[in-house]
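Okay, structure first, notes after.
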Amino acid sequence: MPIKQLSARIEGMDCPACAVKIEKTLSKLQGVMDVKVIFAAEKVNVTYDAQKTSEKNIEQEIKKLGYEVSEEESVDKKRKRRFELLYLSALGIGILVAWSGALHPFIPLDLDAVVLVILTGIPILRSTFQALKAKAITAEVAMATGMAASIVIGQFLSAAVIGFFMLIAEFIDEFTTDKARAAIEGLIKISPKTALVKRNGREIEVDVNEVVHGDIVVVRTGERIPVDGAVIAGRASVNQAPITGESIPVEKKTGDNVFAGTINQLGILEVRVTKVGKDTTLSRIIQLVEEAETAKAPIQKVADRFSSKFLPLVFLVAALTFLFTRNITHTISVVVVACPCAIALATPLAVVASAGKAAKKGIVIKGGIYLEELGKVDTMVIDKTGTLTVGEPRVVHIKTFDQHDDKEIVALAAITEAHCEHPLASAILSKAKEYEIDLPEHGACSVIPGKGVTATYENQTIVFGNREFLKERNVAIPPEIEWYTEAEEREGRTAMVVAHDNDVCGAISVADIVKDEAKQTIKELKESGIDVIMLTGDNPHTANAIAKQVGITEVFAELLPEQKVEKVKELVRQGRKVVMVGDGINDAPALAEARIGIAMGAAGSDIAIEASDIALMTDDLTKITEAVKISKNTFNVIKQNLVSSVIFNILGMGLASTGVLNPLMAALAHSLPDFILFINSSRLIR
């Protein structure tokens, strides 16, 4: 069975109800296996059996509903919005002139109102016709009903005003939607369209879609990097803010990874391509942000159910109004005042705006459900290594003895570690590089795993290791050094003694250091009502020392990966709302067990992004508190929008049914919830 996929843009989809209508229509089409309409991105993804239907058939069904289909956005939205604003302004002036009666001496009575009814009614009637064809009751259907009823009783100007304010409401909806989508469009725009590729000894500029895995791309100063890849030559300062949200440029050299959409601020790079097009980290982020609304939050599902039942309820209230009052004007007012769009738009627009803004800060939130759940968590489980700490040992202190200085002690230790590959060796060699020490070649070298190293240099023996290692070699350790190493070990650090020809020169302490922002992050999480628990495979001494530094009181040490998973399960069974923070690779099973899994340092790692519900592109812990704040702000705005919209509609229909609101006032009131939604949601859109 030949299975194919269609991905296309849909122009004119300005309300979630439009997305639902398209999805329902396409789902009924023979041969269509799966339909995903993404309102936020104005896209549709369809999986279909090519033997039973075709891309042309699918596009025709969409066009029958009144929408345009294209591979890329073909409409200049700013130009379109300017035209709509000009059209509305002209209609507004026309209505004021008709209301004043200034033209009545020159033209037959109500002719100007009839013209205005036609001008305001055509767009609404077109939408109504498409909705009825799809067997859907939409806001346009309600407004067309109100306009028709006004015309029947001879209130042509009222019908024109109803249509006018409906168009205003639609304009506000479209404008608000455009603003919410701006974050996604901003991400799309940073994707370079061309790349400078080395081929056959020449540098040629090609469309980025023609770049293939293994190509060598040249990126000069001021240019955006068009692909994901590894630097094979050159050095440059790269602004990674589009991917990671980092404000400070990062130095890139041979062996480092770079990402599409980032900016080479200074230098020249040659990059071997590892990912292109839709496979790049940037494209994956864009896709996840676009699809964020499809993973619906519980609050959105409630709003969708309410919205689907709302218009039938409006017509029921209108029918009851006419039954009890026998007043057609009151009935028209009930139909006209109802505003379902505000309810339908409240959640998806907030989710899209927040997900897009978060992505620009290096926080990828994969759906509205995770945005909502993050604001509800009461327990955060954090892995130690690479999350609270930098993930690699560093020299944290040097203890000098017997007139030896820091540089001399580091030099002696580095001579022994010059050809070792264990993590502690890298810490010593990094410190030697910091001191600009040129390492000479040593002679014989002996490594005892877990204990230490001996090496000969200029016919002298250097010993570097723990106290037991030195004692085994009959090196006497002075009490001062003994006390120092014991104190360091109690703090969870590894202390190693340096001796030169059986004379102790000093000691070096190495530790996986705590990130600068860790303590403040833990403090802010606790202040927001979240309990923080640390899990680690390290020994209790090291674990408790790190926990004490950052302010964590609940620690579980010496855990294997499967024990971390069981601990998360246990917390969930206790009724806690758990979010797990880890690296997304080693911690993937534990992330999956938590209510929400947050992967840190996910840039360039498909595994980490896929394993998590929220992916932080860098290892910056402050992104966690930022994500929590985004979540809480988003759902405060959503709840305010929904509550205000429901209250307005109930109050509006009540006033309309009793005659307090006439059709003109009802038409004006109809557009108010959209305006309120835009103003309130602008806090997220900005």
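Letters A, B, ... go to the chains of the structure tokens in the order shown; residues in each chain start at 1; ligands are counted from 1 in the same order.
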Practice item. Once DSSP has gone over the backbone, tell me which residues of range 282-398 of chain A are in helix (DSSP H, G or I), as a VMD selection string. Key: chain A and resid 282 to 290 292 to 294 298 to 325 328 to 337 340 to 360 368 to 374 384 to 388
Residues at most 9 Å from Pro478 in chain A, counting only C-alpha atoms, excluding those fewer than 4 positions away in the same chain, as an MDAnalysis selection string? chainID A and resid 482:483 504
Residues near Phe156 in chain A, anyone? I mean within 9 Å using only C-alpha atoms, not counting same-chain ones fewer than 6 positions away, as a short mmCIF file (atom, residue, chain, number, x, y, z; two decimals) with C-alpha atoms, in the first residue's frame.
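Okay, result.cif is ready:
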data_model
loop_
_atom_site.label_atom_id
_atom_site.label_comp_id
_atom_site.auth_asym_id
_atom_site.auth_seq_id
_atom_site.Cartn_x
_atom_site.Cartn_y
_atom_site.Cartn_z
CA ASP A 110 -32.38 53.34 2.93
CA ALA A 113 -28.05 51.21 4.08
CA VAL A 114 -28.78 48.50 1.50
CA LEU A 116 -23.70 48.89 3.19
CA VAL A 117 -25.54 45.62 3.94
CA MET A 147 -28.44 40.27 9.65
CA SER A 150 -32.89 42.58 10.73
#
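When the distance limit is 12 Å and only C-alpha atoms are what count, the residues near Leu288 in chain A, minus those fewer than 6 positions from it on the same chain, are Ile38, Ala40, Ala41, Ile184, Leu187, Lys278, Thr281, Leu282, Thr294, Ala295, Val352, Ala355, Gly356, Ala358, Ala359, Ile363, Val364, Ile365, Lys366, Gly367, Gly368, Ile609, Glu610, Ser612, Asp613, Ile614 and Ala615 of chain A.
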Let's have the selection written as a compact mmCIF listing (two decimals), in the first residue's frame, with N, CA and C atoms.
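Printed below is out-v5.txt as written:
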# COMPACT_ATOMS: atom_id res chain seq x y z
N ILE A 38 -2.64 22.17 12.02
CA ILE A 38 -1.93 22.97 13.02
C ILE A 38 -2.32 24.43 12.83
N ALA A 40 -1.82 27.07 14.66
CA ALA A 40 -0.79 28.07 14.94
C ALA A 40 0.13 28.30 13.76
N ALA A 41 0.45 27.23 13.04
CA ALA A 41 1.39 27.33 11.92
C ALA A 41 0.69 27.48 10.58
N ILE A 184 6.77 32.07 15.94
CA ILE A 184 7.10 30.96 15.05
C ILE A 184 7.70 31.48 13.75
N LEU A 187 11.26 32.41 14.07
CA LEU A 187 12.17 31.27 14.03
C LEU A 187 12.39 30.80 12.60
N LYS A 278 15.15 19.74 7.25
CA LYS A 278 14.24 19.43 8.35
C LYS A 278 14.89 18.65 9.47
N THR A 281 18.67 21.04 14.15
CA THR A 281 18.10 21.34 15.47
C THR A 281 17.09 22.46 15.37
N LEU A 282 17.39 23.49 14.58
CA LEU A 282 16.46 24.62 14.43
C LEU A 282 15.14 24.16 13.82
N THR A 294 -1.19 21.14 19.47
CA THR A 294 -1.87 19.86 19.24
C THR A 294 -1.84 18.96 20.46
N ALA A 295 -0.81 19.12 21.33
CA ALA A 295 -0.79 18.40 22.60
C ALA A 295 -1.58 19.24 23.60
N VAL A 352 0.58 29.05 21.86
CA VAL A 352 1.48 29.31 20.73
C VAL A 352 2.43 30.47 21.04
N ALA A 355 4.92 29.27 23.79
CA ALA A 355 5.87 28.27 23.28
C ALA A 355 6.88 28.92 22.34
N GLY A 356 6.42 29.85 21.51
CA GLY A 356 7.32 30.54 20.59
C GLY A 356 8.32 31.42 21.30
N ALA A 358 9.25 31.10 24.44
CA ALA A 358 10.14 30.24 25.22
C ALA A 358 11.25 29.68 24.33
N ALA A 359 10.89 29.28 23.11
CA ALA A 359 11.88 28.71 22.19
C ALA A 359 13.00 29.70 21.89
N ILE A 363 14.19 27.39 25.41
CA ILE A 363 13.32 26.46 26.15
C ILE A 363 12.28 25.93 25.17
N VAL A 364 12.34 24.65 24.85
CA VAL A 364 11.40 24.06 23.91
C VAL A 364 10.33 23.29 24.68
N ILE A 365 9.10 23.81 24.65
CA ILE A 365 7.98 23.19 25.35
C ILE A 365 7.12 22.49 24.30
N LYS A 366 6.95 21.18 24.44
CA LYS A 366 6.40 20.37 23.36
C LYS A 366 4.88 20.29 23.34
N GLY A 367 4.19 21.11 24.14
CA GLY A 367 2.73 21.09 24.06
C GLY A 367 2.08 21.84 25.19
N GLY A 368 0.83 22.24 24.95
CA GLY A 368 0.08 22.97 25.97
C GLY A 368 -0.11 22.16 27.24
N ILE A 609 16.01 15.57 23.05
CA ILE A 609 14.79 16.31 22.70
C ILE A 609 13.61 15.35 22.66
N GLU A 610 13.80 14.17 22.08
CA GLU A 610 12.70 13.21 21.97
C GLU A 610 12.32 12.64 23.34
N SER A 612 12.30 14.01 26.22
CA SER A 612 11.78 14.97 27.20
C SER A 612 10.45 15.57 26.76
N ASP A 613 9.76 16.17 27.73
CA ASP A 613 8.56 16.96 27.45
C ASP A 613 8.92 18.43 27.27
N ILE A 614 9.97 18.83 27.98
CA ILE A 614 10.52 20.18 27.85
C ILE A 614 12.03 20.04 27.69
N ALA A 615 12.57 20.64 26.65
CA ALA A 615 14.01 20.54 26.39
C ALA A 615 14.66 21.91 26.56
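Reported to one decimal place, the separation of CA of Gly277 in chain A from CA of Ile232 in chain A is 20.5 Å.
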**Prompt:** What lies within 12 Å of Lys407 in chain A using only C-alpha atoms, ignoring chain neighbours under 5 positions off, as number ranges by chain?
**Reply:** A: 398-400, 412-414, 428, 431-438, 505-508
All residues 12 Å or closer to Ile190 in chain A, only C-alpha atoms, same chain fewer than 3 positions away omitted, as a PyMOL selection string
chain A and resi 183-187+193-194+223-227+240-243+259-263+282-283+286+360
Taking C-alpha atoms for each residue, export the selection above as an mmCIF file, in the first residue's frame.
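Okay, out_3.cif is ready:
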data_model
loop_
_atom_site.group_PDB
_atom_site.id
_atom_site.type_symbol
_atom_site.label_atom_id
_atom_site.label_comp_id
_atom_site.auth_asym_id
_atom_site.auth_seq_id
_atom_site.Cartn_x
_atom_site.Cartn_y
_atom_site.Cartn_z
ATOM 1 C CA ALA A 183 7.304 33.987 17.352
ATOM 2 C CA ILE A 184 7.098 30.956 15.047
ATOM 3 C CA GLU A 185 7.555 33.104 11.945
ATOM 4 C CA GLY A 186 10.591 34.707 13.585
ATOM 5 C CA LEU A 187 12.168 31.267 14.034
ATOM 6 C CA LYS A 193 18.104 29.981 2.247
ATOM 7 C CA THR A 194 21.547 29.480 0.690
ATOM 8 C CA GLU A 223 26.665 35.172 8.037
ATOM 9 C CA ARG A 224 24.153 32.739 9.515
ATOM 10 C CA ILE A 225 25.285 29.133 9.675
ATOM 11 C CA PRO A 226 22.973 27.240 7.266
ATOM 12 C CA VAL A 227 23.424 23.673 8.603
ATOM 13 C CA GLN A 240 23.897 30.891 19.485
ATOM 14 C CA ALA A 241 20.956 32.874 20.886
ATOM 15 C CA PRO A 242 18.511 31.652 18.174
ATOM 16 C CA ILE A 243 19.000 28.083 19.448
ATOM 17 C CA PHE A 259 23.831 24.814 14.557
ATOM 18 C CA ALA A 260 21.786 26.140 11.664
ATOM 19 C CA GLY A 261 20.405 29.640 12.269
ATOM 20 C CA THR A 262 23.240 30.764 14.566
ATOM 21 C CA ILE A 263 25.374 33.743 13.547
ATOM 22 C CA LEU A 282 16.463 24.615 14.430
ATOM 23 C CA SER A 283 13.965 22.855 12.146
ATOM 24 C CA ILE A 286 10.263 25.015 14.800
ATOM 25 C CA LYS A 360 13.660 32.008 21.544
#
Practice prompt. Pick out the residues sitting within 8 Å of Val335 in chain A, and hand them over as a PyMOL selection string; count only C-alpha atoms, and ignore anything fewer than 5 positions along from it in its own chain.
Written response: chain A and resi 142-143+145-146+314-315+318+653
